[in-house]
Amino acid sequence: VCADRIDKYPRDTRWPAGVKVWPRDRLDDAQRILQATPGVTALIYDQPCAADIRRKRKRAQAPQPTTRIYINERVCEGCGDCGAKSNCLSVHPVDTEFGRKTQIHQSSCNYDYSCLAGDCPAFVTVVPGLEPDPAANLTASLRSALSSIPPPVRVPDEATVYMVGIGGTGVVTASQILSTAAWLEGQASQCLDQTGLSQKGGPVVSHLKIRKHSGDLSSTVGSRQATVYLAFDVLSGAAETHLRHADPSHTVAVVSTSRTPTGRMVADTTVSFPQADDLTSRIDSVTRSAENIYLDAGRLSEGTLGTHMMANLILVGAAYQAGLLPVRDTAHRKGDRAETACRWRTTSWHSGWDATRSPHPESASATPGRIGETRPSPGELAPAARVIVEGVGAIGELLRLIRARVPELIAYQNDAYAREYADFVRRVVVAERRLGTGHEALSESVARYLFKLMAYKDEYEVARLCILSRFETSAEQTFGVGARISYQLHPPFLRALGLKKKIAAAAWWFGPLCRLLHRLRGLRGTALDVFGYAGLRRLERRLVEEYRLSVEHELGRLGPDTYQRAIDVARLPDLIRGYEDIKRRNVALYREAVRRHQSAAPACDGVLPRPEPSDVEEQRV
Ligand code: SF4
């Protein structure tokens, strides 16, 4: 028996002989042992369904946990360990100025807390303060605009609706509401839901047919039969298996472009969300593309109602307002709470559904400006930083990258450290311009990844990033004024003493400690740097040198034929993510990749030192 909480079984429970009761983190062990056991074995996994618990909490039939999980994106290294450990789809990858990071999608979080097992100091737990009322987002002007939205210009007599989305987000609910609304209007409706084993996170399909008169309806929407293609999830909606239900002559697609990652994207840092244009053009190719509606229903739902759970109804609302569904407002009101109809209208109005299509929100461009990021605008640089930045002679994107990073390195260590960085980037800029490609991809890559390596997250830096006022402000905006933060830490020295779990550090004492540590950053790399003797810290310092050598090596033979390889080499540090053992493993991958690139190069001498014995020893230091 594996269970989420083994203490829920009374101590005097009389288990049959041979039964073992383990916590759920041993589920994999249990499966392996049973697999190797001859004969019949049974494994019982005992944990309430997350979707069911969520429903009960909403109906006040189960207690609402008071603690939330939050990730300090600046401390996060985007290694994916928390996603792999928790296998939770509320752990979302997010592109930021400083690379791919991870965030907890608060609206869908089930308070399972298994992501806390991620091996890093980026997590904080938060007891919310005075949480903002989501309904407050519905401003008076928005409310009055809602009440004046006219009904759809036309209402069709019939519809064949194919809906596809993600389990646990209300696909079946949306189908049931529409079906009930049609029934209340005296129409014939028939629906079929295909949920498979999916409870939460898996694909769910709903077939719905609404006709004027009942007839001999088959339950399913056949190939190319859909008149309305409701894709609550753009990734599922663009899959061939679903698109075969659409036809360019009569199918109109209404699609949510919200980016919900898959399990692989959560755990594997090399897998990212496909380009939005690829997905929408696939949908457009088999539908009446000029009439299709694309909108970020998840963002609209969270922005106006404080939860992603209304996203599917927002999409239904857009389809209704576009005159694609054969139901009327009055039937909505009877078919569900009057409030729902209001929300459908809300969203239709708010999203500008009648535009040809809403812009596709690209995370990379939408997310910068999030917590703890440096997005300086002109004139924001301190004089010392400005001099260093100007010395590079950068323009365009490269200038933006440097402007964001130089002040960080000054805060990380000092002006000289930032100048060291800028000088190296300048050398690359000069070499690249001499080549005359008209691009600065190499310089931009070096600007990103030399910074990443130089700003390695040791104790002083983690302390600095933990007390960034932007992080505290962001936490307060999310969890309300008076939110209480506890940092979840697993310091290497306590780990070495055998501590297996993270400890919670309350902000009232951890904050001042961080400030003190940050002030001591001048000791970094000196004989008095007690943290600097750790094997991993020595490795991190060496990596900066190795990277410079590998880039110099590429610069030494830079030409049209080697240009792309130089860019590839310059980007390799993207592999180095995480803390402690995860980082060590990734460093090994990085070094291997550099070696591969160098050995593939003609007449290449190789500049990367073989791993020193001390690298191996570092694990034990
Ligand atoms: S560093 Fe890794 S484990 Fe920590 S929050 Fe980021 S992705 Fe998760």
# chains A, B, ... in the order shown; residues from 1 in each chain; ligands from 1
$ residues_near_ligand --ligand "ligand 1" --cutoff "9 Å" --atoms "only C-alpha atoms and all ligand atoms" --output "number ranges by chain"
A: 70-85, 91, 93, 100-104, 115-123, 266-267, 269, 577-579, 582
$ closest_atom_pairs --of "segment 538-606 of chain A" --to "segment 516-529 of chain A" --cutoff "12 Å" --atoms "only C-alpha atoms" --output "JSON lines"
{"residue": "A:Arg538", "atom": "CA", "partner": "A:Gly525", "partner_atom": "CA", "distance": 9.0}
{"residue": "A:Glu540", "atom": "CA", "partner": "A:Gly525", "partner_atom": "CA", "distance": 11.1}
{"residue": "A:Arg541", "atom": "CA", "partner": "A:Gly525", "partner_atom": "CA", "distance": 8.6}
{"residue": "A:Arg542", "atom": "CA", "partner": "A:Gly525", "partner_atom": "CA", "distance": 11.6}
$ atom_distance --atom1 "atom CA of Tyr229 of chain A" --atom2 "atom CA of His207 of chain A"
10.0 Å
$ residues_around --residues "segment 150-158 of chain A" --least-positions-apart "2" --cutoff "10 Å" --atoms "only C-alpha atoms" --output "PyMOL selection string"
chain A and resi 146-148+160-161+182+187-189+209-213+227+319-329+345
$ residues_around --residues "Ala416 of chain A" --least-positions-apart "6" --cutoff "12 Å" --atoms "only C-alpha atoms" --output "ChimeraX atom specification"
/A:384-385,387-388,406-407,409-410,422-423,522
$ write_last_selection --atoms "N, CA, C and O atoms" --output "PDB file, in the first residue's frame"
ATOM      1  N   ALA A 384      28.159  54.404 -13.155  1.00  0.00           N
ATOM      2  CA  ALA A 384      29.219  53.407 -13.348  1.00  0.00           C
ATOM      3  C   ALA A 384      28.783  52.348 -14.349  1.00  0.00           C
ATOM      4  O   ALA A 384      29.553  51.946 -15.246  1.00  0.00           O
ATOM      5  N   ALA A 385      27.545  51.910 -14.219  1.00  0.00           N
ATOM      6  CA  ALA A 385      27.035  50.874 -15.128  1.00  0.00           C
ATOM      7  C   ALA A 385      26.959  51.409 -16.553  1.00  0.00           C
ATOM      8  O   ALA A 385      27.293  50.705 -17.514  1.00  0.00           O
ATOM      9  N   VAL A 387      28.801  53.678 -18.008  1.00  0.00           N
ATOM     10  CA  VAL A 387      30.129  53.739 -18.627  1.00  0.00           C
ATOM     11  C   VAL A 387      30.533  52.350 -19.123  1.00  0.00           C
ATOM     12  O   VAL A 387      31.036  52.178 -20.244  1.00  0.00           O
ATOM     13  N   ILE A 388      30.294  51.341 -18.292  1.00  0.00           N
ATOM     14  CA  ILE A 388      30.690  49.973 -18.680  1.00  0.00           C
ATOM     15  C   ILE A 388      29.896  49.518 -19.900  1.00  0.00           C
ATOM     16  O   ILE A 388      30.442  48.951 -20.855  1.00  0.00           O
ATOM     17  N   VAL A 406      24.771  44.079 -16.884  1.00  0.00           N
ATOM     18  CA  VAL A 406      25.875  44.777 -16.201  1.00  0.00           C
ATOM     19  C   VAL A 406      25.476  45.210 -14.776  1.00  0.00           C
ATOM     20  O   VAL A 406      26.226  44.952 -13.813  1.00  0.00           O
ATOM     21  N   PRO A 407      24.319  45.833 -14.586  1.00  0.00           N
ATOM     22  CA  PRO A 407      23.969  46.215 -13.203  1.00  0.00           C
ATOM     23  C   PRO A 407      23.834  44.997 -12.283  1.00  0.00           C
ATOM     24  O   PRO A 407      24.149  45.072 -11.095  1.00  0.00           O
ATOM     25  N   LEU A 409      25.665  42.302 -12.455  1.00  0.00           N
ATOM     26  CA  LEU A 409      27.007  41.849 -12.061  1.00  0.00           C
ATOM     27  C   LEU A 409      27.648  42.817 -11.065  1.00  0.00           C
ATOM     28  O   LEU A 409      28.432  42.401 -10.204  1.00  0.00           O
ATOM     29  N   ILE A 410      27.306  44.097 -11.196  1.00  0.00           N
ATOM     30  CA  ILE A 410      27.809  45.061 -10.203  1.00  0.00           C
ATOM     31  C   ILE A 410      27.215  44.712  -8.836  1.00  0.00           C
ATOM     32  O   ILE A 410      27.922  44.681  -7.824  1.00  0.00           O
ATOM     33  N   ALA A 422      32.011  42.813 -19.546  1.00  0.00           N
ATOM     34  CA  ALA A 422      31.781  43.677 -20.706  1.00  0.00           C
ATOM     35  C   ALA A 422      32.984  43.646 -21.663  1.00  0.00           C
ATOM     36  O   ALA A 422      32.812  43.630 -22.888  1.00  0.00           O
ATOM     37  N   ASP A 423      34.193  43.597 -21.101  1.00  0.00           N
ATOM     38  CA  ASP A 423      35.381  43.573 -21.960  1.00  0.00           C
ATOM     39  C   ASP A 423      35.399  42.330 -22.836  1.00  0.00           C
ATOM     40  O   ASP A 423      35.750  42.387 -24.020  1.00  0.00           O
ATOM     41  N   GLY A 522      32.009  40.710  -0.846  1.00  0.00           N
ATOM     42  CA  GLY A 522      33.386  41.086  -1.186  1.00  0.00           C
ATOM     43  C   GLY A 522      34.370  39.981  -0.831  1.00  0.00           C
ATOM     44  O   GLY A 522      35.489  39.925  -1.363  1.00  0.00           O
TER      45      GLY A 522
END
$ select_by_dssp --residues "segment 421-461 of chain A" --states "alpha helix (DSSP H)" --output "VMD selection string"
chain A and resid 421 to 435 441 to 454 459 to 461
$ write_last_selection --atoms "C-alpha atoms" --output "JSON list (two decimals), in the first residue's frame"
[["chain", "number", "residue", "atom", "x", "y", "z"],
["A", 421, "TYR", "CA", 32.28, 40.69, -18.43],
["A", 422, "ALA", "CA", 31.78, 43.68, -20.71],
["A", 423, "ASP", "CA", 35.38, 43.57, -21.96],
["A", 424, "PHE", "CA", 35.06, 39.97, -23.03],
["A", 425, "VAL", "CA", 31.76, 40.62, -24.80],
["A", 426, "ARG", "CA", 33.37, 43.57, -26.59],
["A", 427, "ARG", "CA", 36.11, 41.30, -27.95],
["A", 428, "VAL", "CA", 33.45, 39.00, -29.37],
["A", 429, "VAL", "CA", 31.56, 41.95, -30.85],
["A", 430, "VAL", "CA", 34.69, 43.16, -32.62],
["A", 431, "ALA", "CA", 35.46, 39.72, -34.03],
["A", 432, "GLU", "CA", 31.89, 39.17, -35.18],
["A", 433, "ARG", "CA", 31.64, 42.56, -36.85],
["A", 434, "ARG", "CA", 34.92, 41.95, -38.63],
["A", 435, "LEU", "CA", 33.35, 38.87, -40.15],
["A", 441, "ALA", "CA", 23.97, 36.18, -32.74],
["A", 442, "LEU", "CA", 27.39, 35.16, -31.44],
["A", 443, "SER", "CA", 27.83, 38.28, -29.32],
["A", 444, "GLU", "CA", 24.28, 37.97, -27.98],
["A", 445, "SER", "CA", 24.87, 34.34, -27.02],
["A", 446, "VAL", "CA", 28.09, 35.20, -25.23],
["A", 447, "ALA", "CA", 26.37, 38.13, -23.49],
["A", 448, "ARG", "CA", 23.69, 35.75, -22.19],
["A", 449, "TYR", "CA", 25.80, 32.79, -21.21],
["A", 450, "LEU", "CA", 28.95, 34.41, -19.93],
["A", 451, "PHE", "CA", 26.64, 36.29, -17.58],
["A", 452, "LYS", "CA", 24.92, 33.05, -16.57],
["A", 453, "LEU", "CA", 28.25, 31.48, -15.64],
["A", 454, "MET", "CA", 29.74, 34.55, -13.96],
["A", 459, "GLU", "CA", 25.35, 31.67, -0.93],
["A", 460, "TYR", "CA", 25.95, 35.42, -1.32],
["A", 461, "GLU", "CA", 24.01, 35.59, -4.57]]
$ select_by_dssp --residues "segment 33-167 of chain A" --states "strand (DSSP E)" --output "mmCIF file with N, CA, C and O atoms, in the first residue's frame"
data_model
loop_
_atom_site.group_PDB
_atom_site.id
_atom_site.type_symbol
_atom_site.label_atom_id
_atom_site.label_comp_id
_atom_site.auth_asym_id
_atom_site.auth_seq_id
_atom_site.Cartn_x
_atom_site.Cartn_y
_atom_site.Cartn_z
ATOM 1 N N TYR A 45 -2.706 2.050 -4.417
ATOM 2 C CA TYR A 45 -2.279 3.444 -4.230
ATOM 3 C C TYR A 45 -3.466 4.219 -3.659
ATOM 4 O O TYR A 45 -4.532 4.276 -4.270
ATOM 5 N N ASP A 46 -3.282 4.779 -2.501
ATOM 6 C CA ASP A 46 -4.399 5.380 -1.774
ATOM 7 C C ASP A 46 -4.194 6.888 -1.633
ATOM 8 O O ASP A 46 -3.395 7.347 -0.818
ATOM 9 N N ARG A 68 0.551 28.290 0.526
ATOM 10 C CA ARG A 68 0.744 28.242 -0.926
ATOM 11 C C ARG A 68 2.233 28.101 -1.216
ATOM 12 O O ARG A 68 3.065 28.419 -0.374
ATOM 13 N N ILE A 69 2.494 27.637 -2.422
ATOM 14 C CA ILE A 69 3.891 27.493 -2.852
ATOM 15 C C ILE A 69 4.187 28.561 -3.904
ATOM 16 O O ILE A 69 3.369 28.812 -4.782
ATOM 17 N N TYR A 70 5.342 29.131 -3.819
ATOM 18 C CA TYR A 70 5.730 30.173 -4.756
ATOM 19 C C TYR A 70 7.206 29.968 -5.090
ATOM 20 O O TYR A 70 7.967 29.471 -4.254
ATOM 21 N N ILE A 71 7.569 30.325 -6.313
ATOM 22 C CA ILE A 71 8.976 30.164 -6.708
ATOM 23 C C ILE A 71 9.575 31.537 -6.990
ATOM 24 O O ILE A 71 8.977 32.331 -7.711
ATOM 25 N N VAL A 91 3.194 22.983 -12.328
ATOM 26 C CA VAL A 91 4.573 23.475 -12.358
ATOM 27 C C VAL A 91 4.863 23.843 -13.812
ATOM 28 O O VAL A 91 5.002 22.977 -14.659
ATOM 29 N N HIS A 92 4.906 25.134 -14.075
ATOM 30 C CA HIS A 92 4.986 25.586 -15.474
ATOM 31 C C HIS A 92 6.354 26.140 -15.823
ATOM 32 O O HIS A 92 6.880 26.960 -15.083
ATOM 33 N N PRO A 93 6.900 25.743 -16.974
ATOM 34 C CA PRO A 93 8.095 26.442 -17.444
ATOM 35 C C PRO A 93 7.701 27.828 -17.943
ATOM 36 O O PRO A 93 6.592 27.999 -18.472
ATOM 37 N N VAL A 94 8.568 28.791 -17.763
ATOM 38 C CA VAL A 94 8.260 30.140 -18.216
ATOM 39 C C VAL A 94 9.542 30.789 -18.733
ATOM 40 O O VAL A 94 10.604 30.650 -18.112
ATOM 41 N N ASP A 95 9.461 31.428 -19.891
ATOM 42 C CA ASP A 95 10.638 32.083 -20.464
ATOM 43 C C ASP A 95 10.784 33.466 -19.855
ATOM 44 O O ASP A 95 9.828 34.242 -19.832
ATOM 45 N N THR A 96 11.967 33.756 -19.376
ATOM 46 C CA THR A 96 12.201 35.063 -18.763
ATOM 47 C C THR A 96 13.453 35.697 -19.369
ATOM 48 O O THR A 96 14.160 35.058 -20.154
ATOM 49 N N GLY A 99 16.447 33.485 -19.007
ATOM 50 C CA GLY A 99 16.320 32.090 -19.457
ATOM 51 C C GLY A 99 15.057 31.431 -18.968
ATOM 52 O O GLY A 99 14.204 32.041 -18.322
ATOM 53 N N ARG A 100 14.973 30.143 -19.285
ATOM 54 C CA ARG A 100 13.784 29.388 -18.902
ATOM 55 C C ARG A 100 13.782 29.168 -17.394
ATOM 56 O O ARG A 100 14.776 28.721 -16.821
ATOM 57 N N LYS A 101 12.689 29.484 -16.759
ATOM 58 C CA LYS A 101 12.549 29.280 -15.322
ATOM 59 C C LYS A 101 11.253 28.504 -15.081
ATOM 60 O O LYS A 101 10.576 28.108 -16.023
ATOM 61 N N THR A 102 10.916 28.364 -13.815
ATOM 62 C CA THR A 102 9.724 27.604 -13.466
ATOM 63 C C THR A 102 8.842 28.449 -12.567
ATOM 64 O O THR A 102 9.341 29.223 -11.748
ATOM 65 N N GLN A 103 7.555 28.296 -12.726
ATOM 66 C CA GLN A 103 6.644 28.976 -11.802
ATOM 67 C C GLN A 103 5.491 28.038 -11.455
ATOM 68 O O GLN A 103 5.203 27.093 -12.189
ATOM 69 N N ILE A 104 4.884 28.306 -10.332
ATOM 70 C CA ILE A 104 3.719 27.518 -9.936
ATOM 71 C C ILE A 104 2.483 28.237 -10.455
ATOM 72 O O ILE A 104 2.282 29.424 -10.169
ATOM 73 N N PHE A 123 12.234 27.870 -3.693
ATOM 74 C CA PHE A 123 10.863 27.769 -3.208
ATOM 75 C C PHE A 123 10.628 28.581 -1.936
ATOM 76 O O PHE A 123 11.481 28.615 -1.048
ATOM 77 N N VAL A 124 9.469 29.184 -1.889
ATOM 78 C CA VAL A 124 9.009 29.755 -0.623
ATOM 79 C C VAL A 124 7.589 29.255 -0.393
ATOM 80 O O VAL A 124 6.873 28.955 -1.347
ATOM 81 N N THR A 125 7.247 29.123 0.882
ATOM 82 C CA THR A 125 5.842 28.859 1.195
ATOM 83 C C THR A 125 5.257 30.178 1.691
ATOM 84 O O THR A 125 5.950 30.985 2.318
ATOM 85 N N VAL A 126 3.994 30.377 1.381
ATOM 86 C CA VAL A 126 3.367 31.651 1.717
ATOM 87 C C VAL A 126 2.033 31.402 2.406
ATOM 88 O O VAL A 126 1.225 30.594 1.938
ATOM 89 N N VAL A 127 1.839 32.069 3.534
ATOM 90 C CA VAL A 127 0.507 32.112 4.133
ATOM 91 C C VAL A 127 -0.111 33.419 3.650
ATOM 92 O O VAL A 127 0.396 34.495 3.960
ATOM 93 N N ALA A 159 -26.156 22.679 -34.667
ATOM 94 C CA ALA A 159 -24.684 22.712 -34.612
ATOM 95 C C ALA A 159 -24.154 21.326 -34.292
ATOM 96 O O ALA A 159 -24.791 20.546 -33.573
ATOM 97 N N THR A 160 -23.010 21.052 -34.850
ATOM 98 C CA THR A 160 -22.290 19.824 -34.516
ATOM 99 C C THR A 160 -20.961 20.286 -33.924
ATOM 100 O O THR A 160 -20.120 20.838 -34.637
ATOM 101 N N VAL A 161 -20.837 20.094 -32.625
ATOM 102 C CA VAL A 161 -19.710 20.715 -31.912
ATOM 103 C C VAL A 161 -18.718 19.644 -31.469
ATOM 104 O O VAL A 161 -19.114 18.665 -30.820
ATOM 105 N N TYR A 162 -17.473 19.858 -31.815
ATOM 106 C CA TYR A 162 -16.413 18.957 -31.356
ATOM 107 C C TYR A 162 -15.549 19.752 -30.380
ATOM 108 O O TYR A 162 -15.032 20.804 -30.715
ATOM 109 N N MET A 163 -15.476 19.271 -29.143
ATOM 110 C CA MET A 163 -14.706 20.000 -28.124
ATOM 111 C C MET A 163 -13.516 19.155 -27.677
ATOM 112 O O MET A 163 -13.677 17.973 -27.410
ATOM 113 N N VAL A 164 -12.378 19.806 -27.568
ATOM 114 C CA VAL A 164 -11.203 19.085 -27.081
ATOM 115 C C VAL A 164 -10.464 19.976 -26.082
ATOM 116 O O VAL A 164 -10.350 21.186 -26.277
ATOM 117 N N GLY A 165 -10.043 19.374 -25.000
ATOM 118 C CA GLY A 165 -9.351 20.165 -23.973
ATOM 119 C C GLY A 165 -8.608 19.267 -23.003
ATOM 120 O O GLY A 165 -8.288 18.116 -23.309
ATOM 121 N N ILE A 166 -8.359 19.810 -21.833
ATOM 122 C CA ILE A 166 -7.532 19.115 -20.842
ATOM 123 C C ILE A 166 -8.408 18.664 -19.685
ATOM 124 O O ILE A 166 -9.238 19.447 -19.189
#
$ closest_residue --among "A:Ile293, A:Ile149, A:Met310, A:Ala51" --to "Asp112 of chain A" --atoms "only C-alpha atoms"
A:Ala51
$ atom_distance --atom1 "atom CA of Glu472 of chain A" --atom2 "atom CA of Pro128 of chain A"
12.6 Å
$ closest_residue --among "A:Ile567, A:Ala418, A:Ala226, A:Cys2" --to "Val19 of chain A" --atoms "only C-alpha atoms"
A:Cys2
$ residues_around --residues "Ser289 of chain A" --least-positions-apart "6" --cutoff "9 Å" --atoms "only C-alpha atoms" --output "ChimeraX atom specification"
/A:248,251-253,281,283
$ closest_atom_pairs --of "segment 502-592 of chain A" --to "segment 476-491 of chain A" --cutoff "8 Å" --atoms "only C-alpha atoms" --output "JSON lines"
{"residue": "A:Lys502", "atom": "CA", "partner": "A:His490", "partner_atom": "CA", "distance": 4.5}
{"residue": "A:Ile503", "atom": "CA", "partner": "A:Leu489", "partner_atom": "CA", "distance": 5.3}
{"residue": "A:Ala504", "atom": "CA", "partner": "A:Gln488", "partner_atom": "CA", "distance": 4.7}
{"residue": "A:Ala505", "atom": "CA", "partner": "A:Tyr487", "partner_atom": "CA", "distance": 4.9}
{"residue": "A:Ala506", "atom": "CA", "partner": "A:Ser486", "partner_atom": "CA", "distance": 4.4}
{"residue": "A:Ala507", "atom": "CA", "partner": "A:Ser486", "partner_atom": "CA", "distance": 5.7}
{"residue": "A:Phe510", "atom": "CA", "partner": "A:Tyr487", "partner_atom": "CA", "distance": 7.8}
$ write_last_selection --atoms "N, CA, C and O atoms" --output "short mmCIF file (atom, residue, chain, number, x, y, z; two decimals), in the first residue's frame"
data_model
loop_
_atom_site.label_atom_id
_atom_site.label_comp_id
_atom_site.auth_asym_id
_atom_site.auth_seq_id
_atom_site.Cartn_x
_atom_site.Cartn_y
_atom_site.Cartn_z
N LYS A 502 14.23 19.97 3.56
CA LYS A 502 14.41 21.42 3.61
C LYS A 502 13.94 21.95 4.96
O LYS A 502 13.07 21.35 5.59
N ILE A 503 14.53 23.07 5.34
CA ILE A 503 14.04 23.73 6.54
C ILE A 503 13.34 25.03 6.13
O ILE A 503 13.67 25.61 5.11
N ALA A 504 12.37 25.42 6.93
CA ALA A 504 11.64 26.65 6.62
C ALA A 504 12.29 27.80 7.38
O ALA A 504 12.48 27.73 8.60
N ALA A 505 12.68 28.84 6.65
CA ALA A 505 13.30 30.01 7.28
C ALA A 505 12.32 31.18 7.19
O ALA A 505 12.00 31.62 6.08
N ALA A 506 11.85 31.65 8.32
CA ALA A 506 10.88 32.75 8.31
C ALA A 506 11.57 34.03 7.85
O ALA A 506 12.75 34.27 8.13
N ALA A 507 10.80 34.85 7.15
CA ALA A 507 11.38 36.06 6.54
C ALA A 507 11.93 37.01 7.60
O ALA A 507 12.92 37.70 7.35
N PHE A 510 15.36 35.49 8.37
CA PHE A 510 16.16 35.12 7.21
C PHE A 510 16.51 36.36 6.38
O PHE A 510 17.60 36.45 5.82
#
$ residues_around --residues "segment 584-601 of chain A" --least-positions-apart "6" --cutoff "8 Å" --atoms "only C-alpha atoms" --output "ChimeraX atom specification"
/A:536,550,565,569,572-573,575-578,608
